[in-house]
file protein31.cif (mmCIF, C-alpha atoms and all ligand atoms)
data_upload
loop_
_atom_site.group_PDB
_atom_site.id
_atom_site.type_symbol
_atom_site.label_atom_id
_atom_site.label_comp_id
_atom_site.auth_asym_id
_atom_site.auth_seq_id
_atom_site.Cartn_x
_atom_site.Cartn_y
_atom_site.Cartn_z
ATOM 1 C CA VAL E 1005 71.387 119.378 92.769
ATOM 2 C CA GLN E 1006 70.292 122.805 93.932
ATOM 3 C CA LEU E 1007 73.230 124.960 95.058
ATOM 4 C CA PHE E 1008 72.983 127.263 98.080
ATOM 5 C CA LYS E 1009 75.769 129.563 99.161
ATOM 6 C CA GLN E 1010 73.834 131.599 101.702
ATOM 7 C CA ALA E 1011 72.914 130.187 105.100
ATOM 8 C CA LYS E 1012 69.761 132.290 105.325
ATOM 9 C CA ALA E 1013 68.343 131.006 102.045
ATOM 10 C CA LEU E 1014 69.109 127.411 102.998
ATOM 11 C CA ARG E 1015 67.565 127.865 106.439
ATOM 12 C CA ASN E 1016 64.337 129.142 104.827
ATOM 13 C CA TYR E 1017 64.299 126.352 102.274
ATOM 14 C CA CYS E 1018 64.664 123.720 105.006
ATOM 15 C CA LEU E 1019 62.039 125.359 107.218
ATOM 16 C CA GLU E 1020 59.544 125.485 104.353
ATOM 17 C CA SER E 1021 60.242 121.877 103.409
ATOM 18 C CA LYS E 1022 59.627 120.806 106.983
ATOM 19 C CA HIS E 1023 56.355 122.743 107.042
ATOM 20 C CA GLU E 1024 55.336 120.766 103.971
ATOM 21 C CA GLY E 1025 55.923 117.628 106.034
ATOM 22 C CA LYS E 1026 59.154 116.635 104.302
ATOM 23 C CA ARG E 1027 61.860 114.781 106.190
ATOM 24 C CA ILE E 1028 65.349 116.181 105.857
ATOM 25 C CA GLY E 1029 68.588 114.199 105.936
ATOM 26 C CA PHE E 1030 71.932 115.979 106.182
ATOM 27 C CA VAL E 1031 75.438 114.860 105.204
ATOM 28 C CA PRO E 1032 78.069 117.429 106.265
ATOM 29 C CA THR E 1033 81.411 117.028 104.465
ATOM 30 C CA MET E 1034 84.621 118.842 103.638
ATOM 31 C CA GLY E 1035 84.340 117.743 99.997
ATOM 32 C CA ALA E 1036 86.733 115.532 98.024
ATOM 33 C CA LEU E 1037 83.808 113.132 98.056
ATOM 34 C CA HIS E 1038 84.531 109.401 97.825
ATOM 35 C CA LYS E 1039 82.608 106.150 98.157
ATOM 36 C CA GLY E 1040 82.455 106.574 101.929
ATOM 37 C CA HIS E 1041 80.529 109.834 101.515
ATOM 38 C CA LEU E 1042 78.442 108.194 98.810
ATOM 39 C CA SER E 1043 77.226 105.530 101.176
ATOM 40 C CA LEU E 1044 76.175 108.231 103.675
ATOM 41 C CA LEU E 1045 74.371 110.097 100.904
ATOM 42 C CA LYS E 1046 72.624 106.992 99.612
ATOM 43 C CA ARG E 1047 71.416 106.127 103.078
ATOM 44 C CA SER E 1048 70.132 109.652 103.632
ATOM 45 C CA ILE E 1049 68.377 109.661 100.253
ATOM 46 C CA LYS E 1050 66.711 106.365 101.138
ATOM 47 C CA GLU E 1051 65.584 107.468 104.594
ATOM 48 C CA ASN E 1052 64.466 111.056 103.887
ATOM 49 C CA ASP E 1053 62.523 113.177 101.378
ATOM 50 C CA ILE E 1054 65.265 115.755 100.964
ATOM 51 C CA THR E 1055 69.000 115.258 101.340
ATOM 52 C CA VAL E 1056 71.283 118.214 101.986
ATOM 53 C CA CYS E 1057 75.047 117.823 101.580
ATOM 54 C CA SER E 1058 77.405 120.554 102.749
ATOM 55 C CA VAL E 1059 80.883 121.025 101.315
ATOM 56 C CA PHE E 1060 82.949 123.318 103.527
ATOM 57 C CA VAL E 1061 86.622 122.916 104.381
ATOM 58 C CA ASN E 1062 86.418 124.196 107.941
ATOM 59 C CA PRO E 1063 89.609 126.143 108.726
ATOM 60 C CA ARG E 1064 88.914 126.084 112.471
ATOM 61 C CA GLN E 1065 89.364 122.334 112.766
ATOM 62 C CA PHE E 1066 92.871 122.335 111.253
ATOM 63 C CA ASN E 1067 95.536 122.712 113.891
ATOM 64 C CA ASP E 1068 98.194 122.573 111.176
ATOM 65 C CA LYS E 1069 98.236 125.319 108.505
ATOM 66 C CA MET E 1070 99.961 123.097 105.924
ATOM 67 C CA ASP E 1071 97.344 120.402 106.425
ATOM 68 C CA LEU E 1072 94.620 122.970 105.673
ATOM 69 C CA GLN E 1073 96.490 124.219 102.633
ATOM 70 C CA ASN E 1074 97.063 120.705 101.263
ATOM 71 C CA TYR E 1075 93.566 119.397 102.001
ATOM 72 C CA PRO E 1076 92.155 118.152 98.659
ATOM 73 C CA ARG E 1077 89.569 120.415 97.035
ATOM 74 C CA THR E 1078 87.599 118.931 94.128
ATOM 75 C CA PHE E 1079 84.411 120.996 94.048
ATOM 76 C CA GLU E 1080 83.413 120.374 90.425
ATOM 77 C CA ALA E 1081 83.789 116.628 90.749
ATOM 78 C CA ASP E 1082 81.874 116.777 94.055
ATOM 79 C CA GLU E 1083 78.993 118.638 92.449
ATOM 80 C CA ALA E 1084 78.870 116.156 89.552
ATOM 81 C CA LEU E 1085 78.841 113.244 91.955
ATOM 82 C CA LEU E 1086 76.012 114.782 93.977
ATOM 83 C CA ASN E 1087 74.019 115.161 90.779
ATOM 84 C CA GLU E 1088 74.699 111.576 89.843
ATOM 85 C CA VAL E 1089 73.629 110.131 93.174
ATOM 86 C CA GLY E 1090 70.471 112.275 93.298
ATOM 87 C CA CYS E 1091 71.296 114.567 96.217
ATOM 88 C CA ASP E 1092 68.759 117.431 96.412
ATOM 89 C CA VAL E 1093 70.714 120.283 97.930
ATOM 90 C CA LEU E 1094 74.376 121.297 98.017
ATOM 91 C CA PHE E 1095 75.420 123.893 100.587
ATOM 92 C CA HIS E 1096 78.755 125.463 99.691
ATOM 93 C CA PRO E 1097 79.271 128.532 101.861
ATOM 94 C CA ASP E 1098 82.369 130.669 101.959
ATOM 95 C CA GLU E 1099 84.178 131.266 105.217
ATOM 96 C CA LYS E 1100 82.474 134.602 105.964
ATOM 97 C CA GLU E 1101 79.086 132.953 105.705
ATOM 98 C CA ILE E 1102 79.902 130.495 108.490
ATOM 99 C CA TYR E 1103 82.204 132.743 110.519
ATOM 100 C CA PRO E 1104 81.119 136.377 109.967
ATOM 101 C CA ASP E 1105 83.593 137.472 112.650
ATOM 102 C CA SER E 1106 86.390 135.965 114.704
ATOM 103 C CA SER E 1107 84.211 135.141 117.729
ATOM 104 C CA THR E 1108 84.321 131.533 118.865
ATOM 105 C CA MET E 1109 82.066 129.294 120.934
ATOM 106 C CA HIS E 1110 83.398 126.916 123.542
ATOM 107 C CA PHE E 1111 81.898 123.467 124.007
ATOM 108 C CA GLU E 1112 82.129 121.292 127.117
ATOM 109 C CA LEU E 1113 83.440 118.078 125.610
ATOM 110 C CA ASP E 1114 85.193 116.758 128.737
ATOM 111 C CA ASN E 1115 87.661 113.937 128.223
ATOM 112 C CA LEU E 1116 86.234 113.250 124.758
ATOM 113 C CA GLU E 1117 88.376 116.078 123.399
ATOM 114 C CA SER E 1118 91.527 115.459 125.413
ATOM 115 C CA VAL E 1119 92.301 111.862 124.418
ATOM 116 C CA LEU E 1120 93.360 110.161 121.145
ATOM 117 C CA GLU E 1121 92.901 112.653 118.274
ATOM 118 C CA GLY E 1122 92.290 115.442 120.788
ATOM 119 C CA ALA E 1123 95.644 114.875 122.469
ATOM 120 C CA HIS E 1124 97.477 115.107 119.134
ATOM 121 C CA ARG E 1125 95.428 117.835 117.439
ATOM 122 C CA PRO E 1126 94.914 120.647 119.945
ATOM 123 C CA GLY E 1127 91.734 122.626 119.243
ATOM 124 C CA HIS E 1128 90.608 120.248 116.502
ATOM 125 C CA PHE E 1129 87.392 119.086 118.166
ATOM 126 C CA GLN E 1130 86.427 122.575 119.323
ATOM 127 C CA GLY E 1131 86.658 123.522 115.624
ATOM 128 C CA VAL E 1132 84.576 120.510 114.575
ATOM 129 C CA ALA E 1133 82.009 121.259 117.291
ATOM 130 C CA GLN E 1134 81.695 124.890 116.192
ATOM 131 C CA VAL E 1135 81.092 124.138 112.549
ATOM 132 C CA VAL E 1136 78.767 121.206 113.165
ATOM 133 C CA TYR E 1137 76.751 123.259 115.662
ATOM 134 C CA LYS E 1138 76.346 125.997 113.061
ATOM 135 C CA LEU E 1139 75.527 123.632 110.218
ATOM 136 C CA LEU E 1140 72.984 121.658 112.248
ATOM 137 C CA ASP E 1141 71.424 124.925 113.362
ATOM 138 C CA ILE E 1142 71.020 126.095 109.743
ATOM 139 C CA VAL E 1143 69.668 122.852 108.281
ATOM 140 C CA ASN E 1144 67.971 121.514 111.406
ATOM 141 C CA PRO E 1145 67.561 118.076 109.806
ATOM 142 C CA HIS E 1146 65.664 115.095 111.154
ATOM 143 C CA LYS E 1147 68.773 112.965 110.698
ATOM 144 C CA ALA E 1148 72.460 113.712 110.138
ATOM 145 C CA TYR E 1149 74.945 111.113 108.904
ATOM 146 C CA PHE E 1150 78.614 110.728 109.834
ATOM 147 C CA GLY E 1151 81.231 108.092 109.056
ATOM 148 C CA LEU E 1152 82.446 105.933 111.923
ATOM 149 C CA LYS E 1153 86.027 106.182 110.636
ATOM 150 C CA ASP E 1154 85.990 109.374 112.690
ATOM 151 C CA TYR E 1155 84.632 107.543 115.703
ATOM 152 C CA GLN E 1156 85.725 110.134 118.271
ATOM 153 C CA GLN E 1157 84.193 112.887 116.138
ATOM 154 C CA TYR E 1158 80.946 110.906 116.010
ATOM 155 C CA LEU E 1159 80.760 110.757 119.838
ATOM 156 C CA ILE E 1160 81.502 114.488 120.046
ATOM 157 C CA ILE E 1161 78.884 115.374 117.444
ATOM 158 C CA LYS E 1162 76.264 113.407 119.376
ATOM 159 C CA LYS E 1163 77.087 115.634 122.335
ATOM 160 C CA VAL E 1164 76.916 118.818 120.231
ATOM 161 C CA ALA E 1165 73.537 117.811 118.773
ATOM 162 C CA HIS E 1166 72.275 117.231 122.295
ATOM 163 C CA LEU E 1167 73.330 120.788 123.240
ATOM 164 C CA LEU E 1168 71.304 122.180 120.334
ATOM 165 C CA GLN E 1169 68.205 120.685 121.946
ATOM 166 C CA GLU E 1170 66.654 119.970 118.593
ATOM 167 C CA ASN E 1171 65.497 116.500 117.896
ATOM 168 C CA ILE E 1172 68.275 115.500 115.507
ATOM 169 C CA ASP E 1173 69.161 111.859 115.084
ATOM 170 C CA ILE E 1174 72.954 111.484 114.702
ATOM 171 C CA ILE E 1175 73.628 108.369 112.670
ATOM 172 C CA GLY E 1176 77.034 106.687 112.526
ATOM 173 C CA CYS E 1177 77.706 104.727 109.334
ATOM 174 C CA GLU E 1178 80.180 101.879 108.907
ATOM 175 C CA THR E 1179 83.585 102.734 107.468
ATOM 176 C CA GLU E 1180 83.907 102.000 103.762
ATOM 177 C CA ARG E 1181 87.135 100.253 102.749
ATOM 178 C CA ASP E 1182 88.864 99.519 99.467
ATOM 179 C CA ALA E 1183 89.274 95.898 98.348
ATOM 180 C CA GLN E 1184 92.512 95.600 100.342
ATOM 181 C CA GLY E 1185 91.000 97.014 103.540
ATOM 182 C CA LEU E 1186 92.283 100.610 103.477
ATOM 183 C CA ALA E 1187 89.680 102.899 105.076
ATOM 184 C CA LEU E 1188 88.407 105.373 102.494
ATOM 185 C CA SER E 1189 89.410 108.956 103.232
ATOM 186 C CA SER E 1190 89.694 112.176 101.244
ATOM 187 C CA ARG E 1191 93.327 112.246 102.326
ATOM 188 C CA ASN E 1192 94.022 109.026 100.389
ATOM 189 C CA LEU E 1193 94.029 111.266 97.288
ATOM 190 C CA LEU E 1194 97.345 112.616 98.563
ATOM 191 C CA LEU E 1195 98.976 109.141 98.625
ATOM 192 C CA SER E 1196 100.918 107.490 95.804
ATOM 193 C CA ASP E 1197 100.045 103.884 94.873
ATOM 194 C CA GLU E 1198 103.015 102.783 96.955
ATOM 195 C CA GLY E 1199 101.750 104.861 99.847
ATOM 196 C CA LYS E 1200 98.302 103.286 99.611
ATOM 197 C CA LYS E 1201 99.875 99.857 99.777
ATOM 198 C CA ALA E 1202 102.003 100.832 102.763
ATOM 199 C CA ALA E 1203 98.958 102.343 104.508
ATOM 200 C CA LEU E 1204 97.396 98.882 104.715
ATOM 201 C CA LEU E 1205 99.506 98.455 107.853
ATOM 202 C CA PHE E 1206 96.878 100.509 109.711
ATOM 203 C CA SER E 1207 93.926 98.219 108.953
ATOM 204 C CA ARG E 1208 96.113 95.126 109.275
ATOM 205 C CA SER E 1209 97.139 96.188 112.793
ATOM 206 C CA LEU E 1210 93.491 96.610 113.750
ATOM 207 C CA ILE E 1211 92.493 93.245 112.332
ATOM 208 C CA ASP E 1212 95.358 91.525 114.142
ATOM 209 C CA ALA E 1213 94.343 93.294 117.375
ATOM 210 C CA LYS E 1214 90.832 91.938 116.957
ATOM 211 C CA LYS E 1215 92.178 88.424 116.494
ATOM 212 C CA MET E 1216 94.457 88.748 119.526
ATOM 213 C CA ILE E 1217 92.020 90.314 121.997
ATOM 214 C CA ALA E 1218 90.487 86.999 123.077
ATOM 215 C CA THR E 1219 93.792 85.542 124.232
ATOM 216 C CA GLU E 1220 96.353 88.336 124.673
ATOM 217 C CA SER E 1221 96.637 91.239 127.102
ATOM 218 C CA ILE E 1222 96.057 94.778 125.905
ATOM 219 C CA GLU E 1223 99.708 95.551 126.684
ATOM 220 C CA THR E 1224 100.899 92.663 124.498
ATOM 221 C CA ILE E 1225 98.733 93.870 121.616
ATOM 222 C CA ARG E 1226 100.032 97.414 122.008
ATOM 223 C CA SER E 1227 103.669 96.303 121.836
ATOM 224 C CA TYR E 1228 102.890 94.013 118.915
ATOM 225 C CA VAL E 1229 101.460 96.904 116.871
ATOM 226 C CA ALA E 1230 104.309 99.229 117.872
ATOM 227 C CA GLY E 1231 106.675 96.492 116.624
ATOM 228 C CA LEU E 1232 104.912 96.251 113.255
ATOM 229 C CA PHE E 1233 105.370 99.987 112.712
ATOM 230 C CA LYS E 1234 109.010 99.931 113.852
ATOM 231 C CA LYS E 1235 109.711 97.402 111.127
ATOM 232 C CA SER E 1236 108.001 99.508 108.454
ATOM 233 C CA SER E 1237 110.140 102.003 106.570
ATOM 234 C CA SER E 1238 107.192 104.046 105.238
ATOM 235 C CA CYS E 1239 104.608 104.149 108.071
ATOM 236 C CA GLU E 1240 104.999 106.156 111.235
ATOM 237 C CA LEU E 1241 102.780 105.384 114.224
ATOM 238 C CA GLU E 1242 101.410 108.309 116.211
ATOM 239 C CA TYR E 1243 99.270 106.262 118.576
ATOM 240 C CA PHE E 1244 97.552 102.920 118.901
ATOM 241 C CA GLU E 1245 95.133 102.655 121.803
ATOM 242 C CA ILE E 1246 92.515 100.213 122.982
ATOM 243 C CA VAL E 1247 89.794 102.170 124.775
ATOM 244 C CA ASN E 1248 86.259 101.852 126.051
ATOM 245 C CA SER E 1249 83.986 102.602 123.103
ATOM 246 C CA ASP E 1250 81.591 104.808 125.127
ATOM 247 C CA THR E 1251 84.027 106.869 127.199
ATOM 248 C CA LEU E 1252 87.244 106.553 125.149
ATOM 249 C CA MET E 1253 89.066 105.985 128.440
ATOM 250 C CA LYS E 1254 91.998 103.571 128.292
ATOM 251 C CA ALA E 1255 90.734 100.052 128.811
ATOM 252 C CA GLU E 1256 91.773 98.417 132.081
ATOM 253 C CA ALA E 1257 93.983 95.381 131.617
ATOM 254 C CA SER E 1258 91.143 93.195 132.877
ATOM 255 C CA SER E 1259 88.238 94.807 130.991
ATOM 256 C CA LYS E 1260 87.007 92.827 128.061
ATOM 257 C CA ASN E 1261 83.857 94.547 126.931
ATOM 258 C CA SER E 1262 82.929 97.554 124.761
ATOM 259 C CA LEU E 1263 86.435 97.870 123.359
ATOM 260 C CA ILE E 1264 87.555 99.790 120.305
ATOM 261 C CA ALA E 1265 91.078 100.008 118.889
ATOM 262 C CA CYS E 1266 92.043 103.408 117.462
ATOM 263 C CA ILE E 1267 95.123 104.136 115.410
ATOM 264 C CA ALA E 1268 96.723 107.223 113.849
ATOM 265 C CA GLY E 1269 99.946 107.872 112.007
ATOM 266 C CA TYR E 1270 101.647 109.079 108.873
ATOM 267 C CA VAL E 1271 102.394 107.705 105.413
ATOM 268 C CA GLU E 1272 104.237 109.951 102.934
ATOM 269 C CA GLY E 1273 103.592 112.861 105.290
ATOM 270 C CA VAL E 1274 99.824 112.284 105.132
ATOM 271 C CA ARG E 1275 98.037 111.798 108.444
ATOM 272 C CA LEU E 1276 95.733 108.767 108.502
ATOM 273 C CA ILE E 1277 93.383 107.413 111.175
ATOM 274 C CA ASP E 1278 91.358 104.239 111.481
ATOM 275 C CA ASN E 1279 89.569 102.207 114.131
ATOM 276 C CA LEU E 1280 87.884 98.872 114.688
ATOM 277 C CA ILE E 1281 85.447 97.643 117.331
ATOM 278 C CA LEU E 1282 87.252 94.741 119.000
ATOM 279 C CA ILE E 1283 84.424 93.724 121.333
ATOM 280 C CA PRO E 1284 80.956 95.272 120.941
HETATM 281 O O1 LIG M 1301 84.192 114.631 108.974
HETATM 282 C C1 LIG M 1301 84.284 115.692 108.327
HETATM 283 O O2 LIG M 1301 84.372 115.721 107.106
HETATM 284 C C2 LIG M 1301 84.303 117.015 109.067
HETATM 285 O O3 LIG M 1301 84.982 116.903 110.272
HETATM 286 C C3 LIG M 1301 82.895 117.607 109.298
HETATM 287 C C4 LIG M 1301 82.055 116.714 110.179
HETATM 288 C C5 LIG M 1301 82.214 117.804 107.969
HETATM 289 C C6 LIG M 1301 83.010 118.974 109.979
HETATM 290 O O4 LIG M 1301 83.756 119.865 109.224
#
call {"tool": "encode", "arguments": {"input": "protein31.cif", "output": "C-alpha cells", "more": "lines below"}}
Ligand code: PAF
result
Amino acid sequence: VQLFKQAKALRNYCLESKHEGKRIGFVPTMGALHKGHLSLLKRSIKENDITVCSVFVNPRQFNDKMDLQNYPRTFEADEALLNEVGCDVLFHPDEKEIYPDSSTMHFELDNLESVLEGAHRPGHFQGVAQVVYKLLDIVNPHKAYFGLKDYQQYLIIKKVAHLLQENIDIIGCETERDAQGLALSSRNLLLSDEGKKAALLFSRSLIDAKKMIATESIETIRSYVAGLFKKSSSCELEYFEIVNSDTLMKAEASSKNSLIACIAGYVEGVRLIDNLILIP
C-alpha cells in the first residue's frame, strides 16, 4: 500500500489516475480496522481500479475529550491489514494537514443532526460533515463506502456529498456482526470478554423489536426494550427509537412502513450504537 501524508500529493495522484481513466473507490476510516472495514475495502477493490483508505481520528467529531483520548489507535496493524487485502493507497494525514487553522464550516443538516446520535452528541455530525467534505474533496472518488452501522452518519454523508456537487456515489454497506450478533466496531476493542457478551443485549433488543413490529405497538416495543436494559446490571440504555428510515423522524403509532430501530448505550463505560431495519 502506498502511503500519503500530504493532501496535495494525494489530490494530484487521484487526479492523474482519473485522467488515465481509472475508477477510484474510497473508504474513509478512523483506523482500528476490523472485519467491517475489510468488507468495505473488499467491495471497493472489486468495484474500482484504485482503492484509497484514509486513517484519521477526527478530533472535531468527538464531543467528549476522554472518548477521543481513549479511541483505539492501531496504525501498524491497520497498515499491515491494508497490505494484506490489497488496498492501493493509505492516506494518513496529521491534524494540521486536514485543519490548517481553527476555522470551521457549517453544514445545513436540518433535523438529521438534531435527533438520535445528534441529540446526545452535540456537534458530532458537524465534525463528521467537515472531515468527510474535506476528504471527499481531496480524493474526489467515483464511489465512497460507509458502514450502515452508522446509519444516521450515512444519511448525513449523502447530503454532504450532494453539497460538493461532484458525482460521488455514496454506498452504504451492511453491518458486519460477530457470530453472536454483536455489531463490529473499533470500540469493541475496549470491551472485556464479559463486556462483549453483555453487549449482545443491543442486537438482541433490535431482533426482538423486528419480531414484535408486526403485532405490537411502537410504544409497547419501546417499553419492552427499556425493561430489558433495566434488568441488566452491565448495560445502560441511552436511547432506543423506532423512526422513519428516510427522515429519522419518530414513527407515528400507526405508521408501519420504512421503519428502522436505532439504539445507543454504554457497556463498561464504552459507548455502543446499533440499528436494524424493521420494515424496509
Ligand atoms: O465512520 C467513521 O469512521 C468516521 O465517522 C468517518 C466517516 C471516517 C469520519 O471521520
call {"tool": "resolve_selection", "arguments": {"input": "protein31.cif", "expression": "the PyMOL selection byres (((chain E and resi 1049) around 10) and not hetatm)", "output": "PyMOL selection string"}}
result
chain E and resi 1028-1030+1043-1048+1050-1056+1089-1092
call {"tool": "atom_distance", "arguments": {"input": "protein31.cif", "atom1": "atom CA of Thr1033 of chain E", "atom2": "atom CA of Asp1105 of chain E"}}
result
22.1 Å
call {"tool": "resolve_selection", "arguments": {"input": "protein31.cif", "expression": "the PyMOL selection byres (((chain E and resi 1037) around 9) and not hetatm)", "output": "compact mmCIF listing (two decimals) with C-alpha atoms, in the coordinates of the input"}}
result
# COMPACT_ATOMS: atom_id res chain seq x y z
CA THR E 1033 81.41 117.03 104.46
CA MET E 1034 84.62 118.84 103.64
CA GLY E 1035 84.34 117.74 100.00
CA ALA E 1036 86.73 115.53 98.02
CA HIS E 1038 84.53 109.40 97.82
CA LYS E 1039 82.61 106.15 98.16
CA GLY E 1040 82.46 106.57 101.93
CA HIS E 1041 80.53 109.83 101.52
CA LEU E 1042 78.44 108.19 98.81
CA THR E 1078 87.60 118.93 94.13
CA PHE E 1079 84.41 121.00 94.05
CA ALA E 1081 83.79 116.63 90.75
CA ASP E 1082 81.87 116.78 94.06
CA LEU E 1085 78.84 113.24 91.96
CA LEU E 1086 76.01 114.78 93.98
CA SER E 1189 89.41 108.96 103.23
CA SER E 1190 89.69 112.18 101.24
call {"tool": "closest_atom_pairs", "arguments": {"input": "protein31.cif", "of": "chain E", "to": "ligand LIG 1301 (chain M)", "cutoff": "7 Å", "atoms": "only C-alpha atoms and all ligand atoms", "output": "Markdown table"}}
result
| residue | atom | partner | partner_atom | distance |
| --- | --- | --- | --- | --- |
| E:Pro1032 | CA | M:LIG1301 | C5 | 4.5 |
| E:Thr1033 | CA | M:LIG1301 | C5 | 3.7 |
| E:Met1034 | CA | M:LIG1301 | O2 | 4.7 |
| E:Phe1060 | CA | M:LIG1301 | O4 | 6.7 |
| E:Val1061 | CA | M:LIG1301 | O4 | 6.4 |
| E:Asn1062 | CA | M:LIG1301 | O4 | 5.2 |
| E:Val1132 | CA | M:LIG1301 | C6 | 5.1 |
| E:Val1135 | CA | M:LIG1301 | O4 | 6.0 |
| E:Val1136 | CA | M:LIG1301 | C6 | 5.8 |
| E:Phe1150 | CA | M:LIG1301 | O1 | 6.9 |
| E:Asp1154 | CA | M:LIG1301 | O1 | 6.7 |
call {"tool": "resolve_selection", "arguments": {"input": "protein31.cif", "expression": "the PyMOL selection byres (((chain E and resi 1141) around 12) and not hetatm)", "output": "PDB file with C-alpha atoms, in the coordinates of the input"}}
result
ATOM      1  CA  ALA E1011      72.914 130.187 105.100  1.00  0.00           C
ATOM      2  CA  LYS E1012      69.761 132.290 105.325  1.00  0.00           C
ATOM      3  CA  LEU E1014      69.109 127.411 102.998  1.00  0.00           C
ATOM      4  CA  ARG E1015      67.565 127.865 106.439  1.00  0.00           C
ATOM      5  CA  ASN E1016      64.337 129.142 104.827  1.00  0.00           C
ATOM      6  CA  CYS E1018      64.664 123.720 105.006  1.00  0.00           C
ATOM      7  CA  LEU E1019      62.039 125.359 107.218  1.00  0.00           C
ATOM      8  CA  PHE E1030      71.932 115.979 106.182  1.00  0.00           C
ATOM      9  CA  ILE E1102      79.902 130.495 108.490  1.00  0.00           C
ATOM     10  CA  ALA E1133      82.009 121.259 117.291  1.00  0.00           C
ATOM     11  CA  GLN E1134      81.695 124.890 116.192  1.00  0.00           C
ATOM     12  CA  VAL E1135      81.092 124.138 112.549  1.00  0.00           C
ATOM     13  CA  VAL E1136      78.767 121.206 113.165  1.00  0.00           C
ATOM     14  CA  TYR E1137      76.751 123.259 115.662  1.00  0.00           C
ATOM     15  CA  LYS E1138      76.346 125.997 113.061  1.00  0.00           C
ATOM     16  CA  LEU E1139      75.527 123.632 110.218  1.00  0.00           C
ATOM     17  CA  LEU E1140      72.984 121.658 112.248  1.00  0.00           C
ATOM     18  CA  ILE E1142      71.020 126.095 109.743  1.00  0.00           C
ATOM     19  CA  VAL E1143      69.668 122.852 108.281  1.00  0.00           C
ATOM     20  CA  ASN E1144      67.971 121.514 111.406  1.00  0.00           C
ATOM     21  CA  PRO E1145      67.561 118.076 109.806  1.00  0.00           C
ATOM     22  CA  HIS E1146      65.664 115.095 111.154  1.00  0.00           C
ATOM     23  CA  ALA E1148      72.460 113.712 110.138  1.00  0.00           C
ATOM     24  CA  VAL E1164      76.916 118.818 120.231  1.00  0.00           C
ATOM     25  CA  ALA E1165      73.537 117.811 118.773  1.00  0.00           C
ATOM     26  CA  HIS E1166      72.275 117.231 122.295  1.00  0.00           C
ATOM     27  CA  LEU E1167      73.330 120.788 123.240  1.00  0.00           C
ATOM     28  CA  LEU E1168      71.304 122.180 120.334  1.00  0.00           C
ATOM     29  CA  GLN E1169      68.205 120.685 121.946  1.00  0.00           C
ATOM     30  CA  GLU E1170      66.654 119.970 118.593  1.00  0.00           C
ATOM     31  CA  ASN E1171      65.497 116.500 117.896  1.00  0.00           C
ATOM     32  CA  ILE E1172      68.275 115.500 115.507  1.00  0.00           C
TER      33      ILE E1172
END
call {"tool": "residues_near_point", "arguments": {"input": "protein31.cif", "point": "(79.9, 121.2, 98.2)", "cutoff": "6 Å", "atoms": "all atoms listed in the file", "output": "VMD selection string"}}
result
chain E and resid 1035 1058 to 1059 1094 to 1096
call {"tool": "write_last_selection", "arguments": {"input": "protein31.cif", "atoms": "C-alpha atoms", "output": "short mmCIF file (atom, residue, chain, number, x, y, z; two decimals), in the frame of the given file"}}
result
data_model
loop_
_atom_site.label_atom_id
_atom_site.label_comp_id
_atom_site.auth_asym_id
_atom_site.auth_seq_id
_atom_site.Cartn_x
_atom_site.Cartn_y
_atom_site.Cartn_z
CA GLY E 1035 84.34 117.74 100.00
CA SER E 1058 77.40 120.55 102.75
CA VAL E 1059 80.88 121.02 101.32
CA LEU E 1094 74.38 121.30 98.02
CA PHE E 1095 75.42 123.89 100.59
CA HIS E 1096 78.76 125.46 99.69
#
call {"tool": "closest_residue", "arguments": {"input": "protein31.cif", "among": "E:Arg1027, E:Tyr1017, E:Tyr1149, E:Gln1157", "to": "Gln1065 of chain E", "atoms": "all atoms listed in the file"}}
result
E:Gln1157
call {"tool": "closest_residue", "arguments": {"input": "protein31.cif", "among": "E:Asn1192, E:Ser1106, E:Thr1179, E:Gln1006", "to": "Asp1278 of chain E", "atoms": "all atoms listed in the file"}}
result
E:Thr1179
call {"tool": "atom_distance", "arguments": {"input": "protein31.cif", "atom1": "atom CA of Pro1063 of chain E", "atom2": "atom CA of Gly1269 of chain E"}}
result
21.2 Å
call {"tool": "closest_residue", "arguments": {"input": "protein31.cif", "among": "E:Phe1244, E:Ile1217, E:Thr1224, E:Ala1230", "to": "Ser1262 of chain E", "atoms": "only C-alpha atoms"}}
result
E:Ile1217
call {"tool": "atom_distance", "arguments": {"input": "protein31.cif", "atom1": "atom CA of Ala1255 of chain E", "atom2": "atom CA of Glu1223 of chain E"}}
result
10.3 Å
call {"tool": "axis_aligned_box", "arguments": {"input": "protein31.cif", "around": "segment 1199-1215 of chain E", "padding_each_side": "8 Å", "output": "lines of an AutoDock Vina configuration file"}}
result
center_x = 96.4
center_y = 96.6
center_z = 108.5
size_x = 27.2
size_y = 32.4
size_z = 33.8
call {"tool": "residues_near_point", "arguments": {"input": "protein31.cif", "point": "(82.3, 89.6, 124.8)", "cutoff": "8 Å", "atoms": "all atoms listed in the file", "output": "PyMOL selection string"}}
result
chain E and resi 1260-1262+1283-1284
call {"tool": "closest_residue", "arguments": {"input": "protein31.cif", "among": "E:Lys1201, E:Ile1211, E:Glu1256, E:Gly1176", "to": "Ile1161 of chain E", "atoms": "all atoms listed in the file"}}
result
E:Gly1176
call {"tool": "closest_residue", "arguments": {"input": "protein31.cif", "among": "E:Lys1234, E:Lys1022, E:Arg1226, E:Arg1125", "to": "Val1247 of chain E", "atoms": "all atoms listed in the file"}}
result
E:Arg1226
call {"tool": "closest_residue", "arguments": {"input": "protein31.cif", "among": "E:His1124, E:Ile1222, E:Lys1069, E:Gln1156", "to": "Lys1254 of chain E", "atoms": "all atoms listed in the file"}}
result
E:Ile1222
call {"tool": "residues_around", "arguments": {"input": "protein31.cif", "residues": "Tyr1270 of chain E", "least_positions_apart": "5", "cutoff": "6 Å", "atoms": "only C-alpha atoms", "output": "list of chain:residue names"}}
result
E:Cys1239, E:Glu1240, E:Arg1275, E:Leu1276
